[in-house]
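A.B. asks: Sending over upload-v9.pdb (PDB, C-alpha atoms).
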ATOM      1  CA  MET A   1      48.029 294.652 112.002
ATOM      2  CA  LYS A   2      46.573 297.556 113.908
ATOM      3  CA  VAL A   3      44.520 296.285 116.853
ATOM      4  CA  LEU A   4      42.614 297.965 119.672
ATOM      5  CA  PHE A   5      42.166 296.365 123.084
ATOM      6  CA  ILE A   6      39.512 297.878 125.327
ATOM      7  CA  GLY A   7      40.912 296.986 128.728
ATOM      8  CA  GLY A   8      44.171 295.177 128.196
ATOM      9  CA  SER A   9      45.603 294.997 131.724
ATOM     10  CA  GLY A  10      43.346 292.360 133.287
ATOM     11  CA  ILE A  11      44.107 288.775 134.216
ATOM     12  CA  ILE A  12      43.432 287.356 130.761
ATOM     13  CA  SER A  13      44.043 290.397 128.606
ATOM     14  CA  SER A  14      47.470 291.258 130.031
ATOM     15  CA  ALA A  15      49.034 288.091 128.626
ATOM     16  CA  CYS A  16      47.374 288.725 125.254
ATOM     17  CA  THR A  17      48.704 292.293 125.297
ATOM     18  CA  ALA A  18      52.239 291.058 125.914
ATOM     19  CA  LEU A  19      52.071 288.385 123.209
ATOM     20  CA  ALA A  20      50.459 290.703 120.671
ATOM     21  CA  VAL A  21      53.279 293.248 120.846
ATOM     22  CA  GLN A  22      55.835 290.416 120.905
ATOM     23  CA  ARG A  23      54.402 289.222 117.589
ATOM     24  CA  GLY A  24      54.625 292.657 116.005
ATOM     25  CA  ILE A  25      51.026 293.822 116.262
ATOM     26  CA  ASP A  26      50.573 297.598 116.357
ATOM     27  CA  LEU A  27      48.556 297.540 119.559
ATOM     28  CA  TYR A  28      46.447 300.357 120.943
ATOM     29  CA  VAL A  29      44.929 300.043 124.419
ATOM     30  CA  LEU A  30      41.957 302.085 125.573
ATOM     31  CA  ASN A  31      41.522 302.057 129.335
ATOM     32  CA  ARG A  32      41.313 304.334 132.332
ATOM     33  CA  GLY A  33      44.905 303.695 133.402
ATOM     34  CA  THR A  34      43.916 302.753 136.928
ATOM     35  CA  SER A  35      45.652 299.343 137.175
ATOM     36  CA  ALA A  36      49.228 299.146 138.466
ATOM     37  CA  THR A  37      49.272 295.362 138.949
ATOM     38  CA  ARG A  38      49.958 294.538 135.302
ATOM     39  CA  PRO A  39      51.736 297.443 133.586
ATOM     40  CA  LEU A  40      51.377 297.727 129.823
ATOM     41  CA  PRO A  41      54.406 297.054 127.595
ATOM     42  CA  SER A  42      56.202 300.139 126.326
ATOM     43  CA  GLU A  43      55.336 299.211 122.729
ATOM     44  CA  VAL A  44      51.626 299.825 123.352
ATOM     45  CA  THR A  45      49.971 303.057 122.252
ATOM     46  CA  VAL A  46      47.830 304.065 125.216
ATOM     47  CA  LEU A  47      44.533 305.870 124.740
ATOM     48  CA  ARG A  48      43.197 307.130 128.055
ATOM     49  CA  GLY A  49      39.467 306.970 128.480
ATOM     50  CA  ASP A  50      36.461 305.061 129.747
ATOM     51  CA  ILE A  51      34.617 303.016 127.107
ATOM     52  CA  ARG A  52      31.396 303.670 129.050
ATOM     53  CA  ASP A  53      31.858 307.422 128.544
ATOM     54  CA  PRO A  54      32.359 308.193 124.825
ATOM     55  CA  SER A  55      33.153 311.808 125.643
ATOM     56  CA  SER A  56      36.311 310.698 127.485
ATOM     57  CA  PHE A  57      38.172 309.524 124.370
ATOM     58  CA  ASP A  58      38.477 310.312 120.664
ATOM     59  CA  LEU A  59      38.951 307.633 117.989
ATOM     60  CA  ALA A  60      38.593 310.062 115.080
ATOM     61  CA  GLY A  61      40.910 309.044 112.246
ATOM     62  CA  HIS A  62      41.452 305.541 113.633
ATOM     63  CA  THR A  63      40.428 302.326 111.962
ATOM     64  CA  PHE A  64      41.509 298.900 113.166
ATOM     65  CA  ASP A  65      42.007 295.426 111.786
ATOM     66  CA  ALA A  66      40.559 294.080 115.025
ATOM     67  CA  VAL A  67      38.942 295.459 118.171
ATOM     68  CA  VAL A  68      38.706 293.386 121.355
ATOM     69  CA  ASP A  69      36.455 294.474 124.189
ATOM     70  CA  TRP A  70      37.662 292.757 127.360
ATOM     71  CA  VAL A  71      35.174 294.573 129.583
ATOM     72  CA  ALA A  72      31.804 294.100 127.851
ATOM     73  CA  PHE A  73      29.376 292.285 130.133
ATOM     74  CA  THR A  74      25.852 293.298 129.099
ATOM     75  CA  PRO A  75      23.922 293.715 125.833
ATOM     76  CA  ALA A  76      23.992 297.478 126.371
ATOM     77  CA  HIS A  77      27.795 297.400 126.385
ATOM     78  CA  VAL A  78      27.862 295.369 123.166
ATOM     79  CA  GLN A  79      25.245 297.517 121.422
ATOM     80  CA  ALA A  80      27.305 300.605 122.181
ATOM     81  CA  ASP A  81      30.363 298.882 120.705
ATOM     82  CA  ILE A  82      28.467 297.905 117.559
ATOM     83  CA  GLU A  83      27.446 301.523 117.017
ATOM     84  CA  LEU A  84      30.949 302.808 117.762
ATOM     85  CA  PHE A  85      32.959 300.350 115.670
ATOM     86  CA  ARG A  86      30.695 299.574 112.723
ATOM     87  CA  GLY A  87      32.732 300.485 109.640
ATOM     88  CA  ARG A  88      35.780 301.161 111.820
ATOM     89  CA  THR A  89      37.106 297.626 112.319
ATOM     90  CA  GLY A  90      37.568 294.490 110.254
ATOM     91  CA  GLN A  91      36.829 292.310 113.277
ATOM     92  CA  TYR A  92      35.132 292.792 116.640
ATOM     93  CA  VAL A  93      36.023 290.209 119.286
ATOM     94  CA  PHE A  94      33.671 289.683 122.202
ATOM     95  CA  ILE A  95      34.983 287.912 125.286
ATOM     96  CA  SER A  96      32.154 285.688 126.455
ATOM     97  CA  SER A  97      32.418 282.903 129.043
ATOM     98  CA  ALA A  98      32.342 279.127 129.144
ATOM     99  CA  SER A  99      29.882 279.518 132.013
ATOM    100  CA  ALA A 100      27.340 280.388 129.311
ATOM    101  CA  TYR A 101      27.175 276.724 128.320
ATOM    102  CA  GLN A 102      24.296 274.545 129.451
ATOM    103  CA  THR A 103      24.655 274.084 133.201
ATOM    104  CA  PRO A 104      24.955 271.306 134.172
ATOM    105  CA  PRO A 105      26.245 270.058 130.815
ATOM    106  CA  ALA A 106      24.280 267.276 129.127
ATOM    107  CA  ARG A 107      27.443 265.697 127.784
ATOM    108  CA  LEU A 108      31.200 266.055 127.884
ATOM    109  CA  PRO A 109      33.490 267.236 126.484
ATOM    110  CA  VAL A 110      31.951 270.628 125.845
ATOM    111  CA  VAL A 111      32.241 271.949 122.282
ATOM    112  CA  GLU A 112      31.295 275.297 120.776
ATOM    113  CA  SER A 113      27.965 273.930 119.550
ATOM    114  CA  SER A 114      26.941 272.802 123.048
ATOM    115  CA  PRO A 115      23.713 274.547 124.139
ATOM    116  CA  LEU A 116      23.896 277.844 125.989
ATOM    117  CA  ARG A 117      21.730 277.950 129.108
ATOM    118  CA  ASN A 118      22.576 278.929 132.669
ATOM    119  CA  PRO A 119      19.572 279.416 134.960
ATOM    120  CA  PHE A 120      21.765 279.894 138.039
ATOM    121  CA  TRP A 121      24.029 282.866 137.299
ATOM    122  CA  GLN A 122      23.026 286.288 135.977
ATOM    123  CA  TYR A 123      26.588 286.973 134.773
ATOM    124  CA  SER A 124      26.313 284.007 132.405
ATOM    125  CA  ARG A 125      22.840 284.930 131.187
ATOM    126  CA  ASP A 126      24.118 288.413 130.349
ATOM    127  CA  LYS A 127      26.969 286.901 128.341
ATOM    128  CA  ILE A 128      24.478 284.722 126.438
ATOM    129  CA  ALA A 129      22.381 287.789 125.661
ATOM    130  CA  CYS A 130      25.499 289.570 124.371
ATOM    131  CA  GLU A 131      26.261 286.635 122.103
ATOM    132  CA  ASP A 132      22.690 286.602 120.791
ATOM    133  CA  LEU A 133      22.952 290.291 119.930
ATOM    134  CA  LEU A 134      26.211 289.810 118.044
ATOM    135  CA  VAL A 135      24.934 286.776 116.134
ATOM    136  CA  ARG A 136      21.892 288.772 114.982
ATOM    137  CA  SER A 137      24.082 291.715 114.024
ATOM    138  CA  TYR A 138      26.374 289.480 111.988
ATOM    139  CA  ARG A 139      23.470 287.761 110.244
ATOM    140  CA  ASP A 140      21.470 290.921 109.589
ATOM    141  CA  SER A 141      24.172 293.373 108.614
ATOM    142  CA  GLY A 142      27.498 291.518 108.457
ATOM    143  CA  PHE A 143      28.959 293.103 111.567
ATOM    144  CA  PRO A 144      32.312 291.234 111.744
ATOM    145  CA  ALA A 145      31.963 289.588 115.145
ATOM    146  CA  THR A 146      34.066 286.812 116.632
ATOM    147  CA  ILE A 147      33.026 285.289 119.958
ATOM    148  CA  VAL A 148      35.623 283.777 122.302
ATOM    149  CA  ARG A 149      34.677 281.751 125.375
ATOM    150  CA  PRO A 150      37.391 281.435 128.035
ATOM    151  CA  SER A 151      36.861 279.112 130.959
ATOM    152  CA  HIS A 152      38.615 279.522 134.335
ATOM    153  CA  THR A 153      41.711 281.474 133.260
ATOM    154  CA  TYR A 154      44.147 282.641 135.918
ATOM    155  CA  ASP A 155      47.432 284.408 136.488
ATOM    156  CA  ARG A 156      49.666 284.615 139.537
ATOM    157  CA  THR A 157      47.265 287.028 141.257
ATOM    158  CA  LEU A 158      44.204 284.760 141.181
ATOM    159  CA  VAL A 159      43.585 282.048 143.780
ATOM    160  CA  PRO A 160      41.068 279.551 142.329
ATOM    161  CA  PHE A 161      38.844 279.590 145.431
ATOM    162  CA  ASP A 162      36.153 282.044 146.481
ATOM    163  CA  GLY A 163      37.567 284.504 148.986
ATOM    164  CA  GLY A 164      40.980 284.559 147.322
ATOM    165  CA  TRP A 165      43.791 284.303 149.873
ATOM    166  CA  THR A 166      41.333 283.280 152.607
ATOM    167  CA  ALA A 167      41.498 279.565 151.776
ATOM    168  CA  LEU A 168      45.295 279.659 151.500
ATOM    169  CA  ALA A 169      45.611 281.418 154.858
ATOM    170  CA  ARG A 170      43.522 278.672 156.413
ATOM    171  CA  MET A 171      45.738 276.018 154.853
ATOM    172  CA  ARG A 172      48.847 277.688 156.192
ATOM    173  CA  GLN A 173      47.309 277.884 159.658
ATOM    174  CA  GLY A 174      46.433 274.178 159.592
ATOM    175  CA  ARG A 175      42.699 274.938 159.470
ATOM    176  CA  GLU A 176      40.095 273.192 157.379
ATOM    177  CA  VAL A 177      39.176 274.377 153.893
ATOM    178  CA  VAL A 178      35.686 273.941 152.451
ATOM    179  CA  ILE A 179      35.457 272.148 149.092
ATOM    180  CA  HIS A 180      32.102 271.912 147.363
ATOM    181  CA  GLY A 181      30.486 268.526 146.758
ATOM    182  CA  ASP A 182      32.770 265.558 147.260
ATOM    183  CA  GLY A 183      35.664 267.302 145.521
ATOM    184  CA  THR A 184      35.732 264.892 142.576
ATOM    185  CA  SER A 185      34.036 267.040 139.922
ATOM    186  CA  LEU A 186      36.414 267.856 137.073
ATOM    187  CA  TRP A 187      37.616 271.374 136.386
ATOM    188  CA  THR A 188      39.789 272.991 133.735
ATOM    189  CA  LEU A 189      42.242 275.721 134.752
ATOM    190  CA  THR A 190      44.034 277.680 132.031
ATOM    191  CA  HIS A 191      47.127 279.817 132.595
ATOM    192  CA  HIS A 192      46.691 283.215 130.965
ATOM    193  CA  THR A 193      49.843 282.839 128.867
ATOM    194  CA  ASP A 194      48.406 279.638 127.405
ATOM    195  CA  PHE A 195      45.125 281.381 126.601
ATOM    196  CA  ALA A 196      47.081 284.102 124.793
ATOM    197  CA  LYS A 197      48.733 281.545 122.515
ATOM    198  CA  GLY A 198      45.306 280.477 121.275
ATOM    199  CA  PHE A 199      43.798 283.960 121.191
ATOM    200  CA  VAL A 200      46.307 286.241 119.455
ATOM    201  CA  PRO A 201      46.386 284.199 116.196
ATOM    202  CA  LEU A 202      42.606 284.689 115.881
ATOM    203  CA  LEU A 203      43.079 288.458 115.547
ATOM    204  CA  GLY A 204      42.593 289.455 111.947
ATOM    205  CA  HIS A 205      41.956 285.853 110.897
ATOM    206  CA  PRO A 206      39.293 285.979 108.149
ATOM    207  CA  ARG A 207      37.896 282.542 109.003
ATOM    208  CA  ALA A 208      37.218 283.612 112.588
ATOM    209  CA  ILE A 209      34.598 286.157 111.476
ATOM    210  CA  GLY A 210      31.053 285.166 112.376
ATOM    211  CA  ASP A 211      32.233 282.251 114.458
ATOM    212  CA  VAL A 212      32.812 281.232 118.073
ATOM    213  CA  PHE A 213      35.809 279.575 119.731
ATOM    214  CA  GLN A 214      36.567 278.307 123.208
ATOM    215  CA  ILE A 215      40.155 278.497 124.459
ATOM    216  CA  THR A 216      41.149 276.357 127.418
ATOM    217  CA  SER A 217      43.846 274.094 128.696
ATOM    218  CA  ASP A 218      43.592 270.330 128.331
ATOM    219  CA  ASP A 219      44.832 269.941 131.924
ATOM    220  CA  VAL A 220      41.809 268.607 133.823
ATOM    221  CA  LEU A 221      41.839 268.258 137.625
ATOM    222  CA  THR A 222      39.418 267.456 140.402
ATOM    223  CA  TRP A 223      38.769 270.162 142.973
ATOM    224  CA  ASN A 224      40.470 267.973 145.551
ATOM    225  CA  GLN A 225      43.574 267.943 143.357
ATOM    226  CA  ILE A 226      43.403 271.708 142.861
ATOM    227  CA  ALA A 227      43.355 272.196 146.637
ATOM    228  CA  GLU A 228      46.186 269.706 147.108
ATOM    229  CA  HIS A 229      48.347 271.506 144.517
ATOM    230  CA  MET A 230      47.772 274.804 146.302
ATOM    231  CA  ALA A 231      48.656 273.221 149.636
ATOM    232  CA  ALA A 232      51.818 271.688 148.168
ATOM    233  CA  ALA A 233      52.862 275.104 146.864
ATOM    234  CA  LEU A 234      52.396 276.423 150.405
ATOM    235  CA  GLY A 235      54.411 273.526 151.831
ATOM    236  CA  VAL A 236      51.489 272.144 153.851
ATOM    237  CA  THR A 237      48.909 269.370 153.681
ATOM    238  CA  ALA A 238      45.333 270.373 152.930
ATOM    239  CA  ASP A 239      42.629 269.482 155.454
ATOM    240  CA  LEU A 240      39.530 269.372 153.244
ATOM    241  CA  VAL A 241      35.939 269.372 154.410
ATOM    242  CA  HIS A 242      33.346 268.583 151.769
ATOM    243  CA  VAL A 243      30.092 270.535 151.827
ATOM    244  CA  PRO A 244      27.158 270.119 149.413
ATOM    245  CA  SER A 245      26.982 272.957 146.919
ATOM    246  CA  ASP A 246      23.320 273.519 147.746
ATOM    247  CA  ALA A 247      24.250 274.036 151.393
ATOM    248  CA  ILE A 248      26.914 276.577 150.467
ATOM    249  CA  ALA A 249      24.392 278.385 148.269
ATOM    250  CA  ALA A 250      21.876 278.462 151.116
ATOM    251  CA  ALA A 251      24.488 279.965 153.446
ATOM    252  CA  ASP A 252      25.927 282.413 150.891
ATOM    253  CA  PRO A 253      23.901 283.059 147.700
ATOM    254  CA  GLU A 254      26.771 284.860 145.957
ATOM    255  CA  TRP A 255      29.243 282.011 146.543
ATOM    256  CA  GLY A 256      26.495 279.563 145.641
ATOM    257  CA  ALA A 257      25.687 281.264 142.332
ATOM    258  CA  GLY A 258      29.256 280.750 141.159
ATOM    259  CA  LEU A 259      29.103 277.108 142.236
ATOM    260  CA  LEU A 260      25.671 276.108 140.953
ATOM    261  CA  GLY A 261      26.140 278.208 137.837
ATOM    262  CA  ASP A 262      29.683 277.098 137.104
ATOM    263  CA  LYS A 263      32.215 275.383 139.353
ATOM    264  CA  ALA A 264      30.107 272.620 140.892
ATOM    265  CA  HIS A 265      29.739 270.862 137.556
ATOM    266  CA  SER A 266      32.441 268.948 135.709
ATOM    267  CA  MET A 267      33.657 270.959 132.732
ATOM    268  CA  VAL A 268      35.971 269.383 130.195
ATOM    269  CA  PHE A 269      36.540 271.093 126.851
ATOM    270  CA  ASP A 270      37.420 269.995 123.322
ATOM    271  CA  ASN A 271      39.698 272.559 121.667
ATOM    272  CA  SER A 272      39.678 270.877 118.249
ATOM    273  CA  LYS A 273      37.846 273.743 116.563
ATOM    274  CA  LEU A 274      40.416 276.283 117.733
ATOM    275  CA  ARG A 275      43.185 274.105 116.342
ATOM    276  CA  THR A 276      41.639 274.249 112.862
ATOM    277  CA  LEU A 277      42.719 277.910 112.797
ATOM    278  CA  VAL A 278      45.617 277.732 115.264
ATOM    279  CA  PRO A 279      47.085 274.298 114.518
ATOM    280  CA  ASP A 280      50.072 274.678 116.839
ATOM    281  CA  TYR A 281      47.988 275.603 119.879
ATOM    282  CA  VAL A 282      48.971 273.688 123.001
ATOM    283  CA  ALA A 283      48.699 274.691 126.649
ATOM    284  CA  THR A 284      51.998 274.052 128.421
ATOM    285  CA  VAL A 285      51.599 275.402 131.991
ATOM    286  CA  PRO A 286      50.202 272.703 134.305
ATOM    287  CA  PHE A 287      48.405 273.916 137.399
ATOM    288  CA  HIS A 288      50.986 272.643 139.887
ATOM    289  CA  VAL A 289      53.385 275.136 138.269
ATOM    290  CA  GLY A 290      50.751 277.879 138.275
ATOM    291  CA  ALA A 291      50.042 277.198 141.956
ATOM    292  CA  ARG A 292      53.657 277.937 142.831
ATOM    293  CA  GLU A 293      53.468 281.201 140.880
ATOM    294  CA  ILE A 294      50.366 282.196 142.851
ATOM    295  CA  VAL A 295      51.938 281.511 146.241
ATOM    296  CA  SER A 296      55.170 283.282 145.264
ATOM    297  CA  TRP A 297      53.278 286.409 144.214
ATOM    298  CA  PHE A 298      51.293 286.606 147.449
ATOM    299  CA  ASP A 299      54.412 285.952 149.532
ATOM    300  CA  GLU A 300      56.357 288.703 147.756
ATOM    301  CA  ASP A 301      54.158 291.280 149.458
ATOM    302  CA  PRO A 302      52.248 290.251 152.608
ATOM    303  CA  SER A 303      49.858 293.180 152.090
ATOM    304  CA  ARG A 304      48.343 291.134 149.276
ATOM    305  CA  GLN A 305      47.345 288.421 151.740
ATOM    306  CA  ILE A 306      43.882 289.725 152.494
ATOM    307  CA  VAL A 307      41.524 287.474 154.431
ATOM    308  CA  ASP A 308      37.792 287.847 153.935
ATOM    309  CA  ASP A 309      36.662 287.732 157.546
ATOM    310  CA  ARG A 310      33.035 287.091 156.681
ATOM    311  CA  LEU A 311      33.883 284.158 154.428
ATOM    312  CA  ASP A 312      36.415 282.867 156.932
ATOM    313  CA  LYS A 313      33.702 282.770 159.600
ATOM    314  CA  LEU A 314      31.289 281.124 157.170
ATOM    315  CA  MET A 315      33.837 278.401 156.461
ATOM    316  CA  ASP A 316      34.178 277.791 160.204
ATOM    317  CA  ASP A 317      30.400 277.422 160.462
ATOM    318  CA  LEU A 318      30.229 275.027 157.508
ATOM    319  CA  VAL A 319      33.152 272.990 158.833
ATOM    320  CA  ALA A 320      31.488 272.655 162.218
ATOM    321  CA  ARG A 321      28.348 271.385 160.559
ATOM    322  CA  TYR A 322      29.768 269.073 157.912
ATOM    323  CA  ARG A 323      33.089 267.802 159.178
ATOM    324  CA  VAL A 324      33.013 264.022 159.545
ATOM    325  CA  GLN A 325      34.036 263.180 163.081
TER     326      GLN A 325
END
For this file, produce the structure as C-alpha cells.
C.D. replies:
Amino acid sequence: MKVLFIGGSGIISSACTALAVQRGIDLYVLNRGTSATRPLPSEVTVLRGDIRDPSSFDLAGHTFDAVVDWVAFTPAHVQADIELFRGRTGQYVFISSASAYQTPPARLPVVESSPLRNPFWQYSRDKIACEDLLVRSYRDSGFPATIVRPSHTYDRTLVPFDGGWTALARMRQGREVVIHGDGTSLWTLTHHTDFAKGFVPLLGHPRAIGDVFQITSDDVLTWNQIAEHMAAALGVTADLVHVPSDAIAAADPEWGAGLLGDKAHSMVFDNSKLRTLVPDYVATVPFHVGAREIVSWFDEDPSRQIVDDRLDKLMDDLVARYRVQ
C-alpha cells in the first residue's frame, strides 16, 4: 500500500510510522520537519511542507490508498483535507478523541455508539464537529472517511499529569502532589506502540470505510495507582493530596477544562468492535512498565526536566488548603 501521513512524528503517530514501514507499507510523510525528538525511519519518503499552507508542498501525480491527518483539529482543517484528497485517496483517516464522548459518561464501558457531547472542553467540541463534517461528507458524496478515537495515549516523553515533569520533580523532592477528586476514578492509559498495533491494520481495510473505531488499552487504573506507579519508577513514595476537580478548575481554568472535560471522569473502553477487523489486537505494555520508560527518558537528559513554576506554586497553594492535617 501507498499511504500518506500528515504529521507522523508525534507521540501517537511516531509508533504508527515505525510499524507501518515495518509491515511493508510504502509510507510518505508530509510535515514541516521541525521535530527532532522522534526521527522518521529511513524507509519513509519525506515530503516537506505545512498542510495549512497548500503552496508549501506539491502532491501532483500522487494518489494514495490511505491518508491519515494526525494534526487536524477543527472543521476548517478537515474541510481543506476533503477538498485536497477527494479522488486522490481510497481512505481518509481522521484522528478524533475519546474525550468527544458524553462527559461524564452515562454508562461504562464506553463503546463507539456512546453519545458524543462534551460541554466542558472546546478541544473536544471541535473534534465532534470534525466528525460531523466527515459523516455528512461520507453520506452525501461517499468521501471514504474512517474515524479513529484514541484515549490517553503516551510515549516515554509524556508524563500523565498536567505540568509534565513538575509533578515528578515534586515527588522526587518529597513534596506533595495534587490528585483530582479522591483519586479513585478509573483511567485508561495506552502505550503508543500498543495503539499502533490496532491502528495500522485499519489502513486500507475496506470495512473500515464510513465507520468509527476506538483504540485503547484494557489496562485500567485509578489515578492514585497511576501516581504510585510513577513514584515507584522514581524510587520514591508518593505523598498525594486530593483536591476537588471543581476547585482545581476555579484556580486554573485550563487545568480544570482537561479535568472536567476528560480526566476527572472514569473512562473504561470496550475494544470489541476494533477486534472484529483486527482480531489479534491486544495491548501488552502495562503502565508500570511505561512509567519506567518515562522516568528513564527524562533522566537521560536533565534539560528535559522542566518545572512549570506557575503550576508548582499553584500546587503548593492547593496543598495548603486541602491537605488533611
A.B. asks: Quick one: which residues end up in the PyMOL selection byres ((chain A and resi 113-124) around 9) for this structure, as a ChimeraX atom specification?
C.D. replies: /A:73-74,96-107,110-112,125-129,212,256-262
A.B. asks: On this structure, the PyMOL selection byres ((chain A and resi 169) around 12) would catch which residues? List them as a ChimeraX atom specification, sorted by chain and number.
C.D. replies: /A:159,161,163-168,170-177,230-231,234,236,238,295,298-299,302,304-309,312
A.B. asks: With all atoms listed in the file as the basis for distance, which of A:Pro244, A:Gly198, A:Gly61, A:Gly204 is at the shortest distance from Arg323 of chain A?
C.D. replies: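 Smallest distance to Arg323 of chain A is found for A:Pro244.
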A.B. asks: Which residues are close to Pro144 of chain A, i.e. within 7 Å by all atoms listed in the file, leaving aside same-chain residues fewer than 6 positions away? Reply as an NGL selection string.
C.D. replies: :A and (90-92 or 138 or 209-210)
A.B. asks: Quick check, in Å to one decimal: how far apart do atom CA of Ala60 of chain A and atom CA of Thr45 of chain A lie?
C.D. replies: 15.2 Å
A.B. asks: Add whatever atoms are absent from segment 198-212 of chain A to reach N, CA, C and O atoms, and provide the output as an mmCIF file, in the coordinates of the input.
C.D. replies:
data_model
loop_
_atom_site.group_PDB
_atom_site.id
_atom_site.type_symbol
_atom_site.label_atom_id
_atom_site.label_comp_id
_atom_site.auth_asym_id
_atom_site.auth_seq_id
_atom_site.Cartn_x
_atom_site.Cartn_y
_atom_site.Cartn_z
ATOM 1 N N GLY A 198 46.440 280.827 122.120
ATOM 2 C CA GLY A 198 45.306 280.477 121.275
ATOM 3 C C GLY A 198 44.565 281.690 120.761
ATOM 4 O O GLY A 198 43.969 281.646 119.675
ATOM 5 N N PHE A 199 44.609 282.789 121.505
ATOM 6 C CA PHE A 199 43.798 283.960 121.191
ATOM 7 C C PHE A 199 44.430 284.874 120.139
ATOM 8 O O PHE A 199 43.766 285.267 119.163
ATOM 9 N N VAL A 200 45.688 285.238 120.324
ATOM 10 C CA VAL A 200 46.307 286.241 119.455
ATOM 11 C C VAL A 200 46.258 285.837 117.975
ATOM 12 O O VAL A 200 45.992 286.690 117.111
ATOM 13 N N PRO A 201 46.479 284.558 117.620
ATOM 14 C CA PRO A 201 46.386 284.199 116.196
ATOM 15 C C PRO A 201 44.992 284.355 115.595
ATOM 16 O O PRO A 201 44.858 284.360 114.362
ATOM 17 N N LEU A 202 43.949 284.459 116.418
ATOM 18 C CA LEU A 202 42.606 284.689 115.881
ATOM 19 C C LEU A 202 42.399 286.123 115.421
ATOM 20 O O LEU A 202 41.478 286.401 114.640
ATOM 21 N N LEU A 203 43.236 287.048 115.898
ATOM 22 C CA LEU A 203 43.079 288.458 115.547
ATOM 23 C C LEU A 203 43.379 288.665 114.071
ATOM 24 O O LEU A 203 44.453 288.304 113.582
ATOM 25 N N GLY A 204 42.426 289.218 113.370
ATOM 26 C CA GLY A 204 42.593 289.455 111.947
ATOM 27 C C GLY A 204 42.447 288.222 111.081
ATOM 28 O O GLY A 204 42.635 288.299 109.859
ATOM 29 N N HIS A 205 42.090 287.090 111.672
ATOM 30 C CA HIS A 205 41.956 285.853 110.897
ATOM 31 C C HIS A 205 40.600 285.874 110.189
ATOM 32 O O HIS A 205 39.551 285.879 110.836
ATOM 33 N N PRO A 206 40.576 285.845 108.858
ATOM 34 C CA PRO A 206 39.293 285.979 108.149
ATOM 35 C C PRO A 206 38.310 284.852 108.434
ATOM 36 O O PRO A 206 37.091 285.059 108.389
ATOM 37 N N ARG A 207 38.811 283.658 108.754
ATOM 38 C CA ARG A 207 37.896 282.542 109.003
ATOM 39 C C ARG A 207 37.368 282.523 110.439
ATOM 40 O O ARG A 207 36.567 281.648 110.783
ATOM 41 N N ALA A 208 37.789 283.498 111.241
ATOM 42 C CA ALA A 208 37.218 283.612 112.588
ATOM 43 C C ALA A 208 35.979 284.505 112.604
ATOM 44 O O ALA A 208 35.240 284.503 113.592
ATOM 45 N N ILE A 209 35.734 285.238 111.531
ATOM 46 C CA ILE A 209 34.598 286.157 111.476
ATOM 47 C C ILE A 209 33.288 285.376 111.474
ATOM 48 O O ILE A 209 33.119 284.404 110.726
ATOM 49 N N GLY A 210 32.355 285.804 112.321
ATOM 50 C CA GLY A 210 31.053 285.166 112.376
ATOM 51 C C GLY A 210 31.052 283.840 113.103
ATOM 52 O O GLY A 210 30.062 283.097 113.033
ATOM 53 N N ASP A 211 32.118 283.566 113.827
ATOM 54 C CA ASP A 211 32.233 282.251 114.458
ATOM 55 C C ASP A 211 32.569 282.397 115.936
ATOM 56 O O ASP A 211 32.829 283.494 116.435
ATOM 57 N N VAL A 212 32.574 281.253 116.623
ATOM 58 C CA VAL A 212 32.812 281.232 118.073
ATOM 59 C C VAL A 212 33.847 280.174 118.392
ATOM 60 O O VAL A 212 33.871 279.099 117.774
#
